[in-house]
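Source file: structure_19.pdb; contents: PDB, C-alpha atoms.
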ATOM      1  CA  MET A   1       0.000   0.000   0.000
ATOM      2  CA  ALA A   2       2.845   2.411   0.888
ATOM      3  CA  VAL A   3       4.652   1.816  -2.426
ATOM      4  CA  TYR A   4       1.432   2.188  -4.389
ATOM      5  CA  LEU A   5       0.494   5.464  -2.676
ATOM      6  CA  PHE A   6       4.050   6.769  -3.047
ATOM      7  CA  THR A   7       3.924   6.087  -6.793
ATOM      8  CA  LEU A   8       0.539   7.795  -7.049
ATOM      9  CA  THR A   9       1.966  10.870  -5.325
ATOM     10  CA  LEU A  10       5.030  11.021  -7.576
ATOM     11  CA  ASN A  11       2.771  11.027 -10.632
ATOM     12  CA  MET A  12       1.464  14.441  -9.599
ATOM     13  CA  PHE A  13       4.834  15.875 -10.748
ATOM     14  CA  VAL A  14       4.753  14.383 -14.255
ATOM     15  CA  MET A  15       1.425  15.868 -15.364
ATOM     16  CA  GLN A  16       1.867  17.971 -18.487
ATOM     17  CA  THR A  17      -0.769  20.644 -17.817
ATOM     18  CA  PHE A  18      -2.339  22.243 -14.758
ATOM     19  CA  GLU A  19      -5.732  20.864 -15.819
ATOM     20  CA  GLN A  20      -4.336  17.316 -15.841
ATOM     21  CA  LEU A  21      -2.786  17.876 -12.410
ATOM     22  CA  LEU A  22      -6.054  19.232 -11.012
ATOM     23  CA  LEU A  23      -8.132  16.363 -12.384
ATOM     24  CA  TYR A  24      -5.592  13.752 -11.265
ATOM     25  CA  THR A  25      -5.486  15.208  -7.744
ATOM     26  CA  MET A  26      -9.295  15.308  -7.504
ATOM     27  CA  TYR A  27      -9.836  11.975  -9.239
ATOM     28  CA  ILE A  28      -7.210   9.739  -7.620
ATOM     29  CA  VAL A  29      -5.387  11.378  -4.711
ATOM     30  CA  PHE A  30      -8.465  12.422  -2.722
ATOM     31  CA  THR A  31      -9.944   8.938  -3.107
ATOM     32  CA  GLU A  32      -6.767   7.345  -1.776
ATOM     33  CA  ILE A  33      -6.582   9.754   1.191
ATOM     34  CA  VAL A  34     -10.085   8.708   2.260
ATOM     35  CA  MET A  35      -9.175   5.022   1.832
ATOM     36  CA  VAL A  36      -6.085   5.385   4.034
ATOM     37  CA  MET A  37      -8.093   7.137   6.765
ATOM     38  CA  LYS A  38     -10.719   4.394   6.749
ATOM     39  CA  ALA A  39      -8.061   1.674   6.900
ATOM     40  CA  PHE A  40      -6.349   3.275   9.904
ATOM     41  CA  ILE A  41      -9.661   3.836  11.703
ATOM     42  CA  ALA A  42     -10.666   0.190  11.263
ATOM     43  CA  TYR A  43      -7.209  -1.086  12.245
ATOM     44  CA  TYR A  44      -6.598   1.028  15.333
ATOM     45  CA  ASN A  45     -10.190   0.788  16.612
ATOM     46  CA  PHE A  46     -10.656  -2.901  15.932
ATOM     47  CA  ASP A  47     -11.530  -3.759  19.564
ATOM     48  CA  ARG A  48     -14.169  -1.016  19.782
ATOM     49  CA  ILE A  49     -15.739  -2.087  16.482
ATOM     50  CA  TYR A  50     -15.686  -5.705  17.685
ATOM     51  CA  LYS A  51     -17.593  -4.728  20.852
ATOM     52  CA  LEU A  52     -20.097  -2.724  18.823
ATOM     53  CA  TYR A  53     -20.743  -5.776  16.652
ATOM     54  CA  HIS A  54     -21.504  -7.824  19.760
ATOM     55  CA  ARG A  55     -23.891  -5.166  21.034
ATOM     56  CA  THR A  56     -25.884  -5.388  17.825
ATOM     57  CA  ILE A  57     -26.732  -9.014  18.660
ATOM     58  CA  ALA A  58     -27.337  -8.500  22.388
ATOM     59  CA  ASP A  59     -30.093 -10.581  24.015
ATOM     60  CA  ALA A  60     -32.187  -7.461  24.610
ATOM     61  CA  PHE A  61     -32.656  -7.032  20.884
ATOM     62  CA  HIS A  62     -33.487 -10.574  19.905
ATOM     63  CA  PRO A  63     -36.944 -10.777  18.283
ATOM     64  CA  LYS A  64     -39.551 -11.924  20.809
ATOM     65  CA  ASP A  65     -42.488 -12.715  18.552
ATOM     66  CA  GLU A  66     -43.447 -13.181  14.923
ATOM     67  CA  LEU A  67     -43.917  -9.462  14.229
ATOM     68  CA  GLU A  68     -40.472  -8.639  15.611
ATOM     69  CA  GLN A  69     -38.930 -11.437  13.560
ATOM     70  CA  LYS A  70     -40.537  -9.929  10.470
ATOM     71  CA  LEU A  71     -39.142  -6.484  11.293
ATOM     72  CA  TYR A  72     -35.702  -7.978  11.980
ATOM     73  CA  ARG A  73     -35.602  -9.977   8.750
ATOM     74  CA  ALA A  74     -36.719  -6.954   6.706
ATOM     75  CA  GLY A  75     -33.988  -4.784   8.227
ATOM     76  CA  VAL A  76     -31.231  -7.353   7.700
ATOM     77  CA  GLY A  77     -32.449  -7.933   4.139
ATOM     78  CA  GLU A  78     -32.149  -4.204   3.477
ATOM     79  CA  ILE A  79     -28.567  -4.136   4.767
ATOM     80  CA  LYS A  80     -27.653  -7.087   2.547
ATOM     81  CA  TYR A  81     -29.352  -5.580  -0.506
ATOM     82  CA  TYR A  82     -27.479  -2.272  -0.377
ATOM     83  CA  SER A  83     -24.199  -3.934   0.609
ATOM     84  CA  TYR A  84     -24.315  -6.316  -2.351
ATOM     85  CA  LEU A  85     -25.116  -3.447  -4.722
ATOM     86  CA  TYR A  86     -22.165  -1.482  -3.375
ATOM     87  CA  VAL A  87     -19.791  -4.446  -3.712
ATOM     88  CA  LEU A  88     -21.008  -4.949  -7.283
ATOM     89  CA  ALA A  89     -20.502  -1.256  -8.135
ATOM     90  CA  GLY A  90     -16.969  -1.313  -6.689
ATOM     91  CA  ASN A  91     -16.004  -4.442  -8.619
ATOM     92  CA  LEU A  92     -17.401  -3.058 -11.870
ATOM     93  CA  ALA A  93     -15.493   0.207 -11.386
ATOM     94  CA  VAL A  94     -12.161  -1.597 -10.971
ATOM     95  CA  ALA A  95     -12.873  -4.251 -13.618
ATOM     96  CA  SER A  96     -13.642  -1.510 -16.151
ATOM     97  CA  SER A  97      -9.937  -0.544 -16.085
ATOM     98  CA  LEU A  98      -9.340  -3.679 -18.182
ATOM     99  CA  LEU A  99     -10.933  -1.768 -21.063
ATOM    100  CA  TYR A 100      -7.585  -0.014 -21.481
ATOM    101  CA  LEU A 101      -6.240  -3.267 -22.877
ATOM    102  CA  LEU A 102      -8.422  -2.690 -25.938
ATOM    103  CA  HIS A 103      -6.532   0.510 -26.780
ATOM    104  CA  LYS A 104      -3.567   0.278 -29.136
ATOM    105  CA  ASP A 105      -1.613   3.122 -27.536
ATOM    106  CA  TYR A 106      -0.566   1.148 -24.425
ATOM    107  CA  ARG A 107      -2.129   3.490 -21.861
ATOM    108  CA  MET A 108      -2.086   2.787 -18.134
ATOM    109  CA  PRO A 109      -5.391   2.692 -16.220
ATOM    110  CA  TYR A 110      -4.519   4.846 -13.202
ATOM    111  CA  PHE A 111      -1.140   6.579 -13.439
ATOM    112  CA  PRO A 112       1.224   6.890 -16.432
ATOM    113  CA  TRP A 113       4.644   6.887 -14.738
ATOM    114  CA  MET A 114       6.195   3.986 -12.823
ATOM    115  CA  PHE A 115       9.706   4.868 -11.606
ATOM    116  CA  GLY A 116      10.797   5.629 -15.180
ATOM    117  CA  ILE A 117      10.310   2.058 -16.426
ATOM    118  CA  GLU A 118       9.668   2.059 -20.157
ATOM    119  CA  TYR A 119       6.643   0.260 -21.572
ATOM    120  CA  GLY A 120       4.930   0.101 -24.929
ATOM    121  CA  PRO A 121       5.103  -1.892 -28.194
ATOM    122  CA  GLU A 122       8.822  -2.558 -27.663
ATOM    123  CA  ALA A 123       8.382  -3.485 -23.988
ATOM    124  CA  ARG A 124       5.124  -5.377 -23.809
ATOM    125  CA  MET A 125       6.140  -7.464 -20.814
ATOM    126  CA  ASN A 126       6.853  -4.326 -18.788
ATOM    127  CA  TYR A 127       3.469  -2.974 -19.844
ATOM    128  CA  GLY A 128       1.682  -6.139 -18.736
ATOM    129  CA  ILE A 129       3.455  -6.267 -15.360
ATOM    130  CA  ILE A 130       2.854  -2.582 -14.556
ATOM    131  CA  PHE A 131      -0.737  -2.778 -15.811
ATOM    132  CA  GLY A 132      -1.443  -5.814 -13.621
ATOM    133  CA  TYR A 133       0.215  -4.132 -10.627
ATOM    134  CA  GLN A 134      -1.952  -1.037 -10.983
ATOM    135  CA  VAL A 135      -5.209  -2.960 -11.392
ATOM    136  CA  LEU A 136      -4.529  -5.396  -8.529
ATOM    137  CA  GLY A 137      -3.376  -2.555  -6.277
ATOM    138  CA  MET A 138      -6.516  -0.531  -6.960
ATOM    139  CA  TYR A 139      -8.654  -3.652  -6.455
ATOM    140  CA  PHE A 140      -7.089  -4.188  -3.026
ATOM    141  CA  HIS A 141      -7.752  -0.542  -2.143
ATOM    142  CA  MET A 142     -11.343  -0.941  -3.304
ATOM    143  CA  LEU A 143     -11.768  -3.965  -1.013
ATOM    144  CA  VAL A 144     -10.441  -1.987   1.976
ATOM    145  CA  THR A 145     -12.807   0.915   1.270
ATOM    146  CA  VAL A 146     -15.830  -1.326   0.720
ATOM    147  CA  ALA A 147     -15.100  -3.353   3.868
ATOM    148  CA  VAL A 148     -15.043  -0.262   6.109
ATOM    149  CA  ASP A 149     -18.082   1.329   4.419
ATOM    150  CA  VAL A 150     -20.104  -1.858   4.785
ATOM    151  CA  GLN A 151     -19.157  -2.000   8.492
ATOM    152  CA  LEU A 152     -20.596   1.483   8.996
ATOM    153  CA  CYS A 153     -23.763   0.623   7.062
ATOM    154  CA  TYR A 154     -24.198  -2.589   9.057
ATOM    155  CA  LEU A 155     -23.924  -0.752  12.383
ATOM    156  CA  LEU A 156     -26.352   1.986  11.318
ATOM    157  CA  GLY A 157     -28.702  -0.600   9.836
ATOM    158  CA  MET A 158     -28.746  -2.642  13.059
ATOM    159  CA  ILE A 159     -29.372   0.514  15.111
ATOM    160  CA  SER A 160     -32.306   1.192  12.805
ATOM    161  CA  ILE A 161     -33.635  -2.334  13.402
ATOM    162  CA  HIS A 162     -33.330  -1.864  17.164
ATOM    163  CA  LEU A 163     -35.344   1.345  16.906
ATOM    164  CA  ASP A 164     -38.037  -0.584  14.999
ATOM    165  CA  LEU A 165     -38.208  -3.155  17.809
ATOM    166  CA  LEU A 166     -38.379  -0.439  20.470
ATOM    167  CA  ASP A 167     -41.145   1.288  18.507
ATOM    168  CA  LYS A 168     -43.198  -1.893  18.506
ATOM    169  CA  ARG A 169     -42.544  -2.618  22.212
ATOM    170  CA  PHE A 170     -43.497   0.872  23.383
ATOM    171  CA  ARG A 171     -46.740   0.714  21.408
ATOM    172  CA  MET A 172     -47.624  -2.563  23.148
ATOM    173  CA  LEU A 173     -47.639  -0.989  26.639
ATOM    174  CA  SER A 174     -51.278  -0.974  27.674
ATOM    175  CA  THR A 175     -51.565  -1.524  31.443
ATOM    176  CA  SER A 176     -49.770  -0.486  34.629
ATOM    177  CA  GLN A 177     -48.682  -4.108  35.101
ATOM    178  CA  GLN A 178     -47.012  -4.178  31.676
ATOM    179  CA  PHE A 179     -45.455  -0.803  32.418
ATOM    180  CA  GLN A 180     -43.909  -2.028  35.693
ATOM    181  CA  HIS A 181     -42.639  -5.172  34.011
ATOM    182  CA  SER A 182     -41.139  -3.622  30.852
ATOM    183  CA  PHE A 183     -40.618   0.144  31.158
ATOM    184  CA  ILE A 184     -37.212   0.200  32.884
ATOM    185  CA  GLU A 185     -35.857  -2.435  30.494
ATOM    186  CA  LEU A 186     -37.109  -0.472  27.464
ATOM    187  CA  VAL A 187     -35.515   2.749  28.727
ATOM    188  CA  GLN A 188     -32.214   0.904  29.239
ATOM    189  CA  GLN A 189     -32.423  -0.426  25.683
ATOM    190  CA  TYR A 190     -33.105   3.085  24.404
ATOM    191  CA  GLU A 191     -30.060   4.429  26.255
ATOM    192  CA  MET A 192     -27.922   1.583  24.906
ATOM    193  CA  VAL A 193     -28.942   2.481  21.344
ATOM    194  CA  HIS A 194     -28.161   6.130  22.068
ATOM    195  CA  ARG A 195     -24.660   5.219  23.269
ATOM    196  CA  MET A 196     -24.138   3.102  20.147
ATOM    197  CA  VAL A 197     -25.072   6.054  17.929
ATOM    198  CA  ARG A 198     -22.612   8.320  19.743
ATOM    199  CA  GLU A 199     -19.837   5.724  19.543
ATOM    200  CA  VAL A 200     -20.392   5.074  15.832
ATOM    201  CA  GLN A 201     -20.244   8.811  15.200
ATOM    202  CA  GLN A 202     -17.058   9.151  17.217
ATOM    203  CA  LEU A 203     -15.397   6.268  15.358
ATOM    204  CA  TYR A 204     -16.278   7.196  11.799
ATOM    205  CA  SER A 205     -16.623  10.980  12.026
ATOM    206  CA  PRO A 206     -13.104  11.821  10.677
ATOM    207  CA  ALA A 207     -13.375   9.530   7.642
ATOM    208  CA  PHE A 208     -16.951  10.611   6.906
ATOM    209  CA  PHE A 209     -15.966  14.285   7.076
ATOM    210  CA  VAL A 210     -13.033  13.821   4.680
ATOM    211  CA  GLN A 211     -15.113  11.602   2.387
ATOM    212  CA  PHE A 212     -17.879  14.171   2.030
ATOM    213  CA  SER A 213     -15.357  16.975   1.624
ATOM    214  CA  ALA A 214     -13.619  15.120  -1.218
ATOM    215  CA  SER A 215     -16.433  13.117  -2.830
ATOM    216  CA  GLY A 216     -18.089  16.080  -4.497
ATOM    217  CA  LEU A 217     -14.808  17.050  -6.165
ATOM    218  CA  VAL A 218     -14.061  13.445  -7.138
ATOM    219  CA  ILE A 219     -17.505  13.012  -8.757
ATOM    220  CA  CYS A 220     -17.090  16.351 -10.533
ATOM    221  CA  ALA A 221     -13.634  15.428 -11.890
ATOM    222  CA  THR A 222     -14.873  11.999 -12.995
ATOM    223  CA  ALA A 223     -17.883  13.480 -14.815
ATOM    224  CA  PHE A 224     -15.655  16.060 -16.519
ATOM    225  CA  GLN A 225     -13.191  13.400 -17.639
ATOM    226  CA  ALA A 226     -15.997  11.195 -18.945
ATOM    227  CA  SER A 227     -17.658  14.016 -20.898
ATOM    228  CA  SER A 228     -14.359  15.152 -22.424
ATOM    229  CA  MET A 229     -13.529  11.587 -23.566
ATOM    230  CA  LEU A 230     -16.857  10.561 -25.079
ATOM    231  CA  ASN A 231     -15.755  11.460 -28.610
ATOM    232  CA  VAL A 232     -12.247  10.027 -28.335
ATOM    233  CA  TYR A 233     -12.050   7.140 -25.873
ATOM    234  CA  GLU A 234     -15.570   5.774 -25.457
ATOM    235  CA  LEU A 235     -14.313   2.770 -23.476
ATOM    236  CA  THR A 236     -12.370   5.008 -21.095
ATOM    237  CA  ALA A 237     -15.481   7.104 -20.593
ATOM    238  CA  ILE A 238     -17.315   3.943 -19.512
ATOM    239  CA  GLN A 239     -14.662   3.385 -16.837
ATOM    240  CA  ASN A 240     -15.104   6.929 -15.559
ATOM    241  CA  LEU A 241     -18.887   6.608 -15.472
ATOM    242  CA  LEU A 242     -18.710   3.341 -13.518
ATOM    243  CA  TYR A 243     -16.208   4.902 -11.103
ATOM    244  CA  MET A 244     -18.536   7.880 -10.631
ATOM    245  CA  LEU A 245     -21.443   5.502  -9.956
ATOM    246  CA  ALA A 246     -19.402   3.715  -7.266
ATOM    247  CA  MET A 247     -18.469   7.049  -5.653
ATOM    248  CA  MET A 248     -22.101   8.164  -5.600
ATOM    249  CA  PHE A 249     -23.076   4.848  -4.008
ATOM    250  CA  GLN A 250     -20.281   5.257  -1.450
ATOM    251  CA  MET A 251     -21.754   8.597  -0.371
ATOM    252  CA  PHE A 252     -25.340   7.389  -0.539
ATOM    253  CA  LEU A 253     -25.051   4.429   1.853
ATOM    254  CA  PRO A 254     -24.149   6.224   5.132
ATOM    255  CA  CYS A 255     -26.611   9.011   4.276
ATOM    256  CA  ARG A 256     -29.400   6.547   3.605
ATOM    257  CA  PHE A 257     -28.897   4.489   6.786
ATOM    258  CA  GLY A 258     -28.126   7.569   8.897
ATOM    259  CA  ASN A 259     -31.326   9.171   7.645
ATOM    260  CA  GLU A 260     -33.274   6.090   8.741
ATOM    261  CA  VAL A 261     -31.754   6.281  12.244
ATOM    262  CA  THR A 262     -32.842   9.924  12.564
ATOM    263  CA  ARG A 263     -36.302   9.260  11.133
ATOM    264  CA  LYS A 264     -37.017   6.252  13.329
ATOM    265  CA  SER A 265     -35.720   7.910  16.494
ATOM    266  CA  THR A 266     -38.126  10.775  15.766
ATOM    267  CA  ALA A 267     -40.990   8.309  15.243
ATOM    268  CA  LEU A 268     -40.221   6.726  18.615
ATOM    269  CA  ARG A 269     -41.934   9.634  20.393
ATOM    270  CA  THR A 270     -45.121   8.846  18.473
ATOM    271  CA  ALA A 271     -44.798   5.193  19.490
ATOM    272  CA  VAL A 272     -44.572   6.123  23.192
ATOM    273  CA  TYR A 273     -47.564   8.432  22.888
ATOM    274  CA  SER A 274     -49.472   5.684  21.016
ATOM    275  CA  SER A 275     -49.271   3.368  24.034
ATOM    276  CA  HIS A 276     -52.349   3.070  26.260
ATOM    277  CA  TRP A 277     -50.993   5.698  28.673
ATOM    278  CA  TYR A 278     -54.508   6.948  29.431
ATOM    279  CA  GLY A 279     -55.280   3.606  31.098
ATOM    280  CA  MET A 280     -52.318   3.810  33.463
ATOM    281  CA  ARG A 281     -51.875   5.364  36.880
ATOM    282  CA  LEU A 282     -50.727   8.961  37.302
ATOM    283  CA  ARG A 283     -47.230   7.838  38.367
ATOM    284  CA  GLU A 284     -46.723   5.863  35.134
ATOM    285  CA  ARG A 285     -47.988   8.787  33.063
ATOM    286  CA  LYS A 286     -45.392  11.069  34.640
ATOM    287  CA  PHE A 287     -42.632   8.612  33.769
ATOM    288  CA  LEU A 288     -43.843   8.468  30.165
ATOM    289  CA  HIS A 289     -43.939  12.262  30.040
ATOM    290  CA  MET A 290     -40.317  12.432  31.236
ATOM    291  CA  LEU A 291     -39.315   9.878  28.601
ATOM    292  CA  LEU A 292     -41.017  11.944  25.893
ATOM    293  CA  GLN A 293     -39.022  14.960  27.049
ATOM    294  CA  ARG A 294     -35.879  12.840  26.830
ATOM    295  CA  MET A 295     -36.777  11.891  23.246
ATOM    296  CA  ASN A 296     -37.318  15.469  22.093
ATOM    297  CA  LYS A 297     -33.971  15.494  20.297
ATOM    298  CA  PRO A 298     -33.726  12.751  17.624
ATOM    299  CA  PHE A 299     -30.557  10.764  17.005
ATOM    300  CA  THR A 300     -28.364  12.521  14.446
ATOM    301  CA  LEU A 301     -24.922  11.516  13.218
ATOM    302  CA  ARG A 302     -22.433  14.088  11.978
ATOM    303  CA  GLY A 303     -18.956  14.231  10.542
ATOM    304  CA  TYR A 304     -17.092  16.633  12.826
ATOM    305  CA  HIS A 305     -20.401  18.465  13.527
ATOM    306  CA  PHE A 306     -20.451  19.658   9.910
ATOM    307  CA  PHE A 307     -21.881  16.999   7.559
ATOM    308  CA  ASN A 308     -24.984  15.099   8.623
ATOM    309  CA  TYR A 309     -25.593  11.459   7.795
ATOM    310  CA  ASN A 310     -28.842  12.159   5.935
ATOM    311  CA  LEU A 311     -30.271  12.406   2.437
ATOM    312  CA  PRO A 312     -30.336  16.247   2.273
ATOM    313  CA  ALA A 313     -26.537  16.218   2.819
ATOM    314  CA  TYR A 314     -26.218  13.747  -0.059
ATOM    315  CA  THR A 315     -28.257  15.847  -2.473
ATOM    316  CA  SER A 316     -26.476  19.078  -1.495
ATOM    317  CA  THR A 317     -23.092  17.415  -2.164
ATOM    318  CA  LEU A 318     -24.265  16.269  -5.600
ATOM    319  CA  ASN A 319     -25.520  19.801  -6.327
ATOM    320  CA  MET A 320     -22.111  21.187  -5.389
ATOM    321  CA  ALA A 321     -20.398  18.637  -7.634
ATOM    322  CA  TYR A 322     -22.635  19.619 -10.552
ATOM    323  CA  SER A 323     -21.891  23.327 -10.004
ATOM    324  CA  VAL A 324     -18.128  22.725 -10.142
ATOM    325  CA  TYR A 325     -18.595  20.461 -13.178
ATOM    326  CA  ALA A 326     -20.547  23.180 -15.005
ATOM    327  CA  LEU A 327     -17.796  25.687 -14.208
ATOM    328  CA  LEU A 328     -15.089  23.385 -15.611
ATOM    329  CA  GLN A 329     -17.145  22.791 -18.740
ATOM    330  CA  ARG A 330     -17.562  26.534 -19.262
ATOM    331  CA  MET A 331     -13.829  27.091 -18.878
ATOM    332  CA  ALA A 332     -13.090  24.272 -21.344
ATOM    333  CA  LEU A 333     -15.498  25.765 -23.920
ATOM    334  CA  LYS A 334     -13.894  29.195 -23.615
ATOM    335  CA  ARG A 335     -10.434  27.757 -24.273
ATOM    336  CA  SER A 336     -11.675  25.858 -27.308
TER     337      SER A 336
END

Take the structure in the file and write it out as C-alpha cells.
Amino acid sequence: MAVYLFTLTLNMFVMQTFEQLLLYTMYIVFTEIVMVMKAFIAYYNFDRIYKLYHRTIADAFHPKDELEQKLYRAGVGEIKYYSYLYVLAGNLAVASSLLYLLHKDYRMPYFPWMFGIEYGPEARMNYGIIFGYQVLGMYFHMLVTVAVDVQLCYLLGMISIHLDLLDKRFRMLSTSQQFQHSFIELVQQYEMVHRMVREVQQLYSPAFFVQFSASGLVICATAFQASSMLNVYELTAIQNLLYMLAMMFQMFLPCRFGNEVTRKSTALRTAVYSSHWYGMRLRERKFLHMLLQRMNKPFTLRGYHFFNYNLPAYTSTLNMAYSVYALLQRMALKRS
C-alpha cells in the first residue's frame, strides 16, 4: 500500500498541464486519502468495532415474537441488498480498467509513470506487469474501502432495526402491570442504542468528514473526464462513469442508513404516545412524560459536527459537484 500510494503521489509531478494535475489530484489522490483514513480507523479501533458488533446481537434485541422477527428480517435484508449493490458497483469500477487493454496506444489505467520504467510496443512485458500491478493494487484498495463502508452501514442498519423493535414494544404498553414489568428495560435499551449512535459517530466521524469533503470534487472530476472523452475514448469514458457511480453509491449508503436512524428515532416519540398511557396510573404517566421529554432530540450523526448522515446532505453534495462540473465545462469551452 505504501509503495502504491508513493507512486501515485510522484505522478502528480509528471502531469503535463495544470488541468491534468487538477483532475488527477481530484480523481485519484483524494480517493486514496479517504481510503487510508478508513483503513487506519478500522485497524486502530478494531476492539471497539468488535464490541459494537456484539452489542448489535445482544439478548435485549433478539426478536420476541413473529412481528419482531418480520421487522428484523426486513432490516437485515435491506442491509444485505445495499451492501451487495455497493460491492457490485466497486467491482465493476475496478474491472472496467481492463478496457484499457483494448486501446492500441498502451495506456495505463490509473497513473502513467512507474519509476521511469519504459513500456509500450517494444516493452510489452513491462506494460503487462505494470498494468497488472496497478489494477490489482486498486482492487485491493477498493476492497479496503468497501469493507469499512459496509461496516458502517451494518452498524447503522442494526441501530435502525433496534429502533423498529423499540417502537413496537413501546406501542404494546397498555396496562400499569405491563409498564412495571417492561418500562425500565425499554428505557435501558433506548439508552444503549443512544450510546451506540454516539460511539459510531465518534469512530467514523473523521473519515466521513473527509469523504464528504472530497467526494463532491471526485464526482465532478470523474464526470468532466468522462464528458471530455466521449468522442475520443468511449471505453475510457465507460470506466469513468462506472467509477462515478461507485463514488455516488459510497456517499449514498451512510446518508441513507443515517437518515433512517434519525427518522425512526423521531418516530419513537409517536410510538410512546401511542401506548395506552390513558389507562395507566398517574405515576406511570409522569414517567412516560419524562421519557417523551428525553426523546425530544432525535438521534443525528455528523462528521465533525459539519456533515450530517442524511439524504439532504447527499443531495447538497451532488448539487455542489454539478456546479463545479458546469464551471469546468464553461472554462473548457472558452479555451476551445

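For the choices A:Met280, A:Leu92, A:Val197, A:Ala246, the atom-to-atom distance to Gln180 of chain A is smallest for A:Met280 when using only C-alpha atoms.
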
In Å, rounded to a single decimal, give me how far atom CA of Arg269 of chain A is from atom CA of Met192 of chain A.
16.8 Å

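Evaluating the PyMOL selection byres ((chain A and resi 303-313) around 6) against the shown model yields A:Ser205, A:Phe208, A:Phe209, A:Cys255, A:Gly258, A:Asn259, A:Leu301, A:Arg302, A:Tyr314, A:Thr315, A:Ser316.
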
Export, as an mmCIF file, keeping the file's coordinate frame, the selected residues with C-alpha atoms.
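Saved the output as again37.cif:
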data_model
loop_
_atom_site.group_PDB
_atom_site.id
_atom_site.type_symbol
_atom_site.label_atom_id
_atom_site.label_comp_id
_atom_site.auth_asym_id
_atom_site.auth_seq_id
_atom_site.Cartn_x
_atom_site.Cartn_y
_atom_site.Cartn_z
ATOM 1 C CA SER A 205 -16.623 10.980 12.026
ATOM 2 C CA PHE A 208 -16.951 10.611 6.906
ATOM 3 C CA PHE A 209 -15.966 14.285 7.076
ATOM 4 C CA CYS A 255 -26.611 9.011 4.276
ATOM 5 C CA GLY A 258 -28.126 7.569 8.897
ATOM 6 C CA ASN A 259 -31.326 9.171 7.645
ATOM 7 C CA LEU A 301 -24.922 11.516 13.218
ATOM 8 C CA ARG A 302 -22.433 14.088 11.978
ATOM 9 C CA TYR A 314 -26.218 13.747 -0.059
ATOM 10 C CA THR A 315 -28.257 15.847 -2.473
ATOM 11 C CA SER A 316 -26.476 19.078 -1.495
#

For atom CA of Lys80 of chain A and atom CA of Ile57 of chain A, determine how far apart the two atoms are, in Å to one decimal place.
16.3 Å

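The residue that comes closest to Arg285 of chain A, out of A:Met142, A:Ile130, A:Leu71, A:Val272 and on the basis of all atoms listed in the file, is A:Val272.
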
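Comparing A:Gln250, A:Thr270, A:Ser97, A:Thr56 by their smallest distance to Val34 of chain A, the closest is A:Gln250 (using only C-alpha atoms).
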
Sel. within 9 Å of pt (-51.5, -0.2, 35.6), counting all atoms listed in the file, output as JSON, numbers by chain:
{"A": [174, 175, 176, 177, 178, 179, 180, 279, 280, 281, 284]}

Considering all atoms listed in the file, return as a list in words whatever protein or nucleic-acid residues lie within 12 Å of Glu68 of chain A, sequence-local ones (same chain, fewer than 5 positions apart) excluded.
Phe61, His62, Pro63, Arg73, Ala74, Gly75, Ile161, His162, Leu163, Asp164, Leu165, Leu166, Asp167, Lys168 and Arg169 of chain A

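Coordinates place atom CA of Ala39 of chain A at a distance of 7.3 Å from atom CA of Val148 of chain A.
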
Please evaluate the PyMOL selection byres ((chain A and resi 171) around 6) against the structure above and give the resulting residues as a PyMOL selection string.
chain A and resi 168-170+172-173+271+274-275

Preceding selection exported with C-alpha atoms as a CSV table (one decimal), keeping the file's coordinate frame:
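In the end it all went to part-v8.csv:
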chain,number,residue,atom,x,y,z
A,168,LYS,CA,-43.2,-1.9,18.5
A,169,ARG,CA,-42.5,-2.6,22.2
A,170,PHE,CA,-43.5,0.9,23.4
A,172,MET,CA,-47.6,-2.6,23.1
A,173,LEU,CA,-47.6,-1.0,26.6
A,271,ALA,CA,-44.8,5.2,19.5
A,274,SER,CA,-49.5,5.7,21.0
A,275,SER,CA,-49.3,3.4,24.0

With the PyMOL selection byres ((chain A and resi 88) around 12) as the selection, what would be picked from this file? Answer as a ChimeraX atom specification, please.
/A:81-87,89-95,142-143,146,242-243,245-246,249-250

List the spatial neighbours of Met1 of chain A as a PyMOL selection string - criterion: any atom at most 9 Å away, only C-alpha atoms, same-chain residues fewer than 2 positions off excluded.
chain A and resi 3-6+137+140-141

Put those residues in a file: C-alpha atoms, as a PDB file, keeping the file's coordinate frame.
ATOM      1  CA  VAL A   3       4.652   1.816  -2.426  1.00  0.00           C
ATOM      2  CA  TYR A   4       1.432   2.188  -4.389  1.00  0.00           C
ATOM      3  CA  LEU A   5       0.494   5.464  -2.676  1.00  0.00           C
ATOM      4  CA  PHE A   6       4.050   6.769  -3.047  1.00  0.00           C
ATOM      5  CA  GLY A 137      -3.376  -2.555  -6.277  1.00  0.00           C
ATOM      6  CA  PHE A 140      -7.089  -4.188  -3.026  1.00  0.00           C
ATOM      7  CA  HIS A 141      -7.752  -0.542  -2.143  1.00  0.00           C
TER       8      HIS A 141
END
